[in-house]
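Have a look at run-v8.cif; it's mmCIF, C-alpha atoms:
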```
data_run
loop_
_atom_site.label_atom_id
_atom_site.label_comp_id
_atom_site.auth_asym_id
_atom_site.auth_seq_id
_atom_site.Cartn_x
_atom_site.Cartn_y
_atom_site.Cartn_z
CA MET A 1 -13.73 -4.33 17.97
CA SER A 2 -12.23 -3.58 21.38
CA GLU A 3 -10.68 -0.35 22.49
CA THR A 4 -7.20 -0.44 23.89
CA PRO A 5 -6.97 1.11 27.35
CA GLU A 6 -4.90 4.22 27.77
CA ILE A 7 -1.50 3.32 29.19
CA PRO A 8 -0.40 5.69 31.98
CA ALA A 9 2.93 7.47 31.62
CA ASN A 10 4.35 5.51 34.55
CA PRO A 11 2.75 2.06 34.87
CA ALA A 12 4.05 1.70 38.43
CA LEU A 13 1.77 4.51 39.61
CA SER A 14 -1.59 3.58 41.05
CA PRO A 15 -4.82 4.59 39.33
CA GLY A 16 -5.35 6.97 42.25
CA PHE A 17 -2.52 9.10 40.89
CA ASP A 18 -4.83 10.28 38.10
CA LYS A 19 -6.27 12.91 40.43
CA ALA A 20 -2.76 14.22 41.17
CA ARG A 21 -2.05 14.20 37.44
CA ARG A 22 -5.18 16.31 36.72
CA LEU A 23 -4.36 18.75 39.54
CA SER A 24 -0.79 19.02 38.25
CA LYS A 25 -2.08 19.96 34.80
CA ILE A 26 -4.20 22.69 36.38
CA LEU A 27 -1.19 23.95 38.33
CA VAL A 28 0.91 24.02 35.16
CA PHE A 29 -1.71 26.33 33.63
CA VAL A 30 -2.04 28.55 36.74
CA LEU A 31 1.73 28.83 37.22
CA GLY A 32 2.06 29.72 33.53
CA LEU A 33 -0.43 32.56 34.06
CA GLY A 34 1.63 33.74 37.03
CA ILE A 35 4.79 33.78 34.91
CA VAL A 36 3.05 35.81 32.20
CA PHE A 37 1.62 38.22 34.80
CA ILE A 38 5.04 38.88 36.38
CA ILE A 39 6.67 39.44 32.97
CA ILE A 40 3.91 41.86 31.92
CA ALA A 41 4.22 43.72 35.24
CA MET A 42 8.01 43.99 34.86
CA ILE A 43 7.63 45.31 31.31
CA GLY A 44 4.99 47.79 32.49
CA VAL A 45 7.26 49.09 35.25
CA ALA A 46 10.14 49.46 32.80
CA ILE A 47 7.93 51.37 30.34
CA TYR A 48 6.64 53.59 33.15
CA GLY A 49 10.18 54.34 34.30
CA ALA A 50 11.43 55.13 30.82
CA SER A 51 8.59 57.48 29.91
CA PRO A 52 8.31 60.82 31.75
CA ASP A 53 5.22 61.61 29.65
CA LEU A 54 3.49 58.46 30.91
CA GLN A 55 4.45 59.34 34.49
CA ALA A 56 2.96 62.80 34.08
CA LEU A 57 -0.22 61.41 32.51
CA ILE A 58 -0.73 58.89 35.31
CA ALA A 59 0.02 61.51 37.98
CA GLU A 60 -2.50 63.88 36.36
CA HIS A 61 -5.34 61.33 36.43
CA SER A 62 -4.47 59.67 39.73
CA ARG A 63 -6.54 60.30 42.82
CA ARG A 64 -3.51 59.75 45.05
CA THR A 65 -0.18 61.44 44.99
CA ILE A 66 2.42 59.36 43.23
CA PRO A 67 5.92 59.50 44.72
CA PRO A 68 8.64 60.70 42.38
CA PHE A 69 10.18 58.04 40.17
CA SER A 70 13.39 56.53 41.46
CA TRP A 71 15.37 53.93 39.53
CA GLY A 72 16.71 52.56 42.83
CA LYS A 73 13.22 51.61 44.02
CA TYR A 74 12.42 49.96 40.72
CA ALA A 75 15.74 48.11 40.64
CA LEU A 76 14.82 46.62 44.02
CA LEU A 77 11.40 45.72 42.64
CA PHE A 78 13.03 43.89 39.71
CA LEU A 79 15.47 42.14 42.06
CA ALA A 80 12.56 40.96 44.18
CA ALA A 81 10.60 39.81 41.11
CA VAL A 82 13.36 37.63 39.65
CA PRO A 83 13.30 34.94 42.41
CA CYS A 84 9.49 34.89 42.23
CA LEU A 85 9.61 34.46 38.46
CA LEU A 86 12.19 31.66 38.67
CA ALA A 87 10.28 29.93 41.48
CA LEU A 88 7.15 29.91 39.30
CA LEU A 89 9.12 28.71 36.28
CA TYR A 90 10.74 25.76 38.08
CA ALA A 91 7.52 24.88 39.91
CA ARG A 92 5.71 24.84 36.56
CA ARG A 93 8.33 22.50 35.11
CA LEU A 94 8.04 20.29 38.23
CA PHE A 95 4.27 19.97 37.98
CA ALA A 96 4.52 19.32 34.24
CA ARG A 97 6.66 16.29 35.13
CA PHE A 98 4.12 15.19 37.73
CA ALA A 99 1.38 15.52 35.10
CA GLU A 100 3.40 13.17 32.87
CA GLY A 101 3.69 10.65 35.71
CA ASP A 102 7.38 11.33 36.29
CA VAL A 103 7.47 11.43 40.09
CA PHE A 104 10.65 10.00 41.59
CA SER A 105 13.18 10.52 38.80
CA LEU A 106 16.42 12.33 39.50
CA GLY A 107 15.35 15.18 37.19
CA THR A 108 12.09 15.67 39.05
CA ILE A 109 13.84 15.69 42.42
CA ALA A 110 16.38 18.21 41.09
CA LEU A 111 13.56 20.45 39.83
CA MET A 112 11.87 20.27 43.23
CA ARG A 113 15.10 21.29 44.98
CA THR A 114 15.65 24.14 42.54
CA ALA A 115 12.07 25.41 42.83
CA ALA A 116 12.29 25.22 46.63
CA LEU A 117 15.55 27.17 46.62
CA TRP A 118 13.99 29.94 44.53
CA ILE A 119 10.93 29.97 46.83
CA VAL A 120 13.27 30.48 49.80
CA LEU A 121 15.05 33.31 47.96
CA ALA A 122 11.67 34.86 47.08
CA GLY A 123 10.88 34.88 50.80
CA VAL A 124 14.11 36.67 51.66
CA MET A 125 13.46 39.83 49.66
CA PRO A 126 11.13 41.24 50.81
CA PRO A 127 11.20 39.27 54.06
CA ASP A 128 8.23 36.92 54.28
CA PRO A 129 8.44 34.22 56.97
CA PHE A 130 5.56 32.21 55.47
CA THR A 131 7.25 31.97 52.07
CA LEU A 132 10.54 31.03 53.75
CA VAL A 133 8.88 28.20 55.69
CA ILE A 134 7.10 26.89 52.57
CA GLY A 135 10.35 26.98 50.61
CA MET A 136 12.29 25.19 53.35
CA ALA A 137 9.54 22.57 53.69
CA ALA A 138 9.62 21.93 49.94
CA TYR A 139 13.42 21.65 50.06
CA VAL A 140 13.22 19.05 52.84
CA ALA A 141 10.48 17.21 50.91
CA ALA A 142 12.84 16.98 47.92
CA TYR A 143 15.42 15.25 50.13
CA VAL A 144 12.71 12.89 51.40
CA MET A 145 11.82 12.08 47.77
CA ALA A 146 15.50 11.40 47.01
CA GLU A 147 15.73 9.05 49.99
CA ALA A 148 12.52 7.27 48.93
CA ARG A 149 14.02 6.78 45.48
CA ARG A 150 17.22 5.38 47.00
CA LEU A 151 15.26 2.96 49.18
CA ALA A 152 13.16 1.84 46.21
CA ASP A 153 16.32 1.25 44.16
CA ASP A 154 17.89 -0.75 47.02
CA SER A 155 14.69 -2.75 47.42
CA ALA A 156 14.50 -3.46 43.67
CA SER A 157 18.09 -4.65 43.59
CA ILE A 158 17.44 -7.13 46.41
CA VAL A 159 14.44 -8.72 44.70
#
```
Could the structure of this file be written out as structure tokens, please?
Amino acid sequence: MSETPEIPANPALSPGFDKARRLSKILVFVLGLGIVFIIIAMIGVAIYGASPDLQALIAEHSRRTIPPFSWGKYALLFLAAVPCLLALLYARRLFARFAEGDVFSLGTIALMRTAALWIVLAGVMPPDPFTLVIGMAAYVAAYVMAEARRLADDSASIV
């Protein structure tokens, strides 16, 4: 009795893509942890802001002085967290597609553009030049992927 070999999700991909597939699965897990961490942190900040008793308790047991609570500061914190959360969410969806072997589809390219856009926005507030450069590089890479897809389609139609 012979075993049937496992058929990859995209038969056009080389066997060398298996390493990228494994790394993508790891990234899906890590990015998922990041999403959960940001949501828990946002909930914790909201609970802290809504509870004067909790603020007093933390101030009592803190070794450092805690500045007075200000909803304006925390609103800015939430505004800064939203692009980070969305960047992680779209990047997770992108790497999930890579893990499935879906590399040059229109949906994958759109996810890469969207994730890159949110990375750029995450680098704007607070200003972080490194994050901005990474986001812009990913955005350009998405256009390169779109052009590669177009060339492959043109090449396939000729043959």
Next on the checklist: Since I can't run it myself right now, could you work out what the PyMOL selection byres ((chain A and resi 21) around 12) selects here and report it as a list in words?
Outcome noted: Pro8, Ala9, Asn10, Leu13, Ser14, Pro15, Gly16, Phe17, Asp18, Lys19, Ala20, Arg22, Leu23, Ser24, Lys25, Ile26, Leu27, Val28, Leu94, Phe95, Ala96, Arg97, Phe98, Ala99, Glu100, Gly101, Asp102 and Val103 of chain A
Same residues, C-alpha atoms, output as a short mmCIF file (atom, residue, chain, number, x, y, z; two decimals), in the coordinates of the input:
```cif
data_model
loop_
_atom_site.label_atom_id
_atom_site.label_comp_id
_atom_site.auth_asym_id
_atom_site.auth_seq_id
_atom_site.Cartn_x
_atom_site.Cartn_y
_atom_site.Cartn_z
CA PRO A 8 -0.40 5.69 31.98
CA ALA A 9 2.93 7.47 31.62
CA ASN A 10 4.35 5.51 34.55
CA LEU A 13 1.77 4.51 39.61
CA SER A 14 -1.59 3.58 41.05
CA PRO A 15 -4.82 4.59 39.33
CA GLY A 16 -5.35 6.97 42.25
CA PHE A 17 -2.52 9.10 40.89
CA ASP A 18 -4.83 10.28 38.10
CA LYS A 19 -6.27 12.91 40.43
CA ALA A 20 -2.76 14.22 41.17
CA ARG A 22 -5.18 16.31 36.72
CA LEU A 23 -4.36 18.75 39.54
CA SER A 24 -0.79 19.02 38.25
CA LYS A 25 -2.08 19.96 34.80
CA ILE A 26 -4.20 22.69 36.38
CA LEU A 27 -1.19 23.95 38.33
CA VAL A 28 0.91 24.02 35.16
CA LEU A 94 8.04 20.29 38.23
CA PHE A 95 4.27 19.97 37.98
CA ALA A 96 4.52 19.32 34.24
CA ARG A 97 6.66 16.29 35.13
CA PHE A 98 4.12 15.19 37.73
CA ALA A 99 1.38 15.52 35.10
CA GLU A 100 3.40 13.17 32.87
CA GLY A 101 3.69 10.65 35.71
CA ASP A 102 7.38 11.33 36.29
CA VAL A 103 7.47 11.43 40.09
#
```
Checklist entry - A:Leu88, A:Arg63, A:Glu147, A:Val124: which is nearest A:Leu111, counting only C-alpha atoms? => result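 Result for the nearest residue to A:Leu111: A:Leu88.
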Residues near A:Leu77, cut-off 12 Å, only C-alpha atoms, skip fewer than 4 positions along chain, as a compact mmCIF listing (two decimals) with C-alpha atoms, in the coordinates of the input:
```txt
# COMPACT_ATOMS: atom_id res chain seq x y z
CA ILE A 38 5.04 38.88 36.38
CA ALA A 41 4.22 43.72 35.24
CA MET A 42 8.01 43.99 34.86
CA ILE A 43 7.63 45.31 31.31
CA VAL A 45 7.26 49.09 35.25
CA ALA A 46 10.14 49.46 32.80
CA SER A 70 13.39 56.53 41.46
CA TRP A 71 15.37 53.93 39.53
CA GLY A 72 16.71 52.56 42.83
CA LYS A 73 13.22 51.61 44.02
CA ALA A 81 10.60 39.81 41.11
CA VAL A 82 13.36 37.63 39.65
CA PRO A 83 13.30 34.94 42.41
CA CYS A 84 9.49 34.89 42.23
CA ALA A 122 11.67 34.86 47.08
CA MET A 125 13.46 39.83 49.66
CA PRO A 126 11.13 41.24 50.81
```
Item to check | Å distance separating atom CA of A:Leu86 from atom CA of A:Ile47, one decimal place | outcome: 21.8 Å
Checklist entry - atom CA of A:Leu117 and atom CA of A:Leu89, how far apart in Å? => result 12.3 Å
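Taking atom CA of A:Ala110 as the reference point, atom CA of A:Tyr139 is found at 10.1 Å.
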Written as a PDB file with C-alpha atoms, in the coordinates of the input, what is the full residue list that the PyMOL selection byres ((chain A and resi 142) around 8) yields on the file shown?
```pdb
ATOM      1  CA  ILE A 109      13.840  15.690  42.420  1.00  0.00           C
ATOM      2  CA  ALA A 110      16.380  18.210  41.090  1.00  0.00           C
ATOM      3  CA  MET A 112      11.870  20.270  43.230  1.00  0.00           C
ATOM      4  CA  ARG A 113      15.100  21.290  44.980  1.00  0.00           C
ATOM      5  CA  ALA A 138       9.620  21.930  49.940  1.00  0.00           C
ATOM      6  CA  TYR A 139      13.420  21.650  50.060  1.00  0.00           C
ATOM      7  CA  VAL A 140      13.220  19.050  52.840  1.00  0.00           C
ATOM      8  CA  ALA A 141      10.480  17.210  50.910  1.00  0.00           C
ATOM      9  CA  TYR A 143      15.420  15.250  50.130  1.00  0.00           C
ATOM     10  CA  VAL A 144      12.710  12.890  51.400  1.00  0.00           C
ATOM     11  CA  MET A 145      11.820  12.080  47.770  1.00  0.00           C
ATOM     12  CA  ALA A 146      15.500  11.400  47.010  1.00  0.00           C
TER      13      ALA A 146
END
```
Checklist outcome for this item: Counting all atoms listed in the file, closest pick from A:Arg149, A:Asp154, A:Ser62, A:Leu121 relative to A:Val133 is A:Leu121
Next on the checklist: So, with only C-alpha atoms as the atoms that count, which of A:Ala75, A:Val120, A:Leu31, A:Ile39 lies closest to A:Tyr90?
Outcome noted: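 The answer is A:Leu31, which sits nearest to A:Tyr90.
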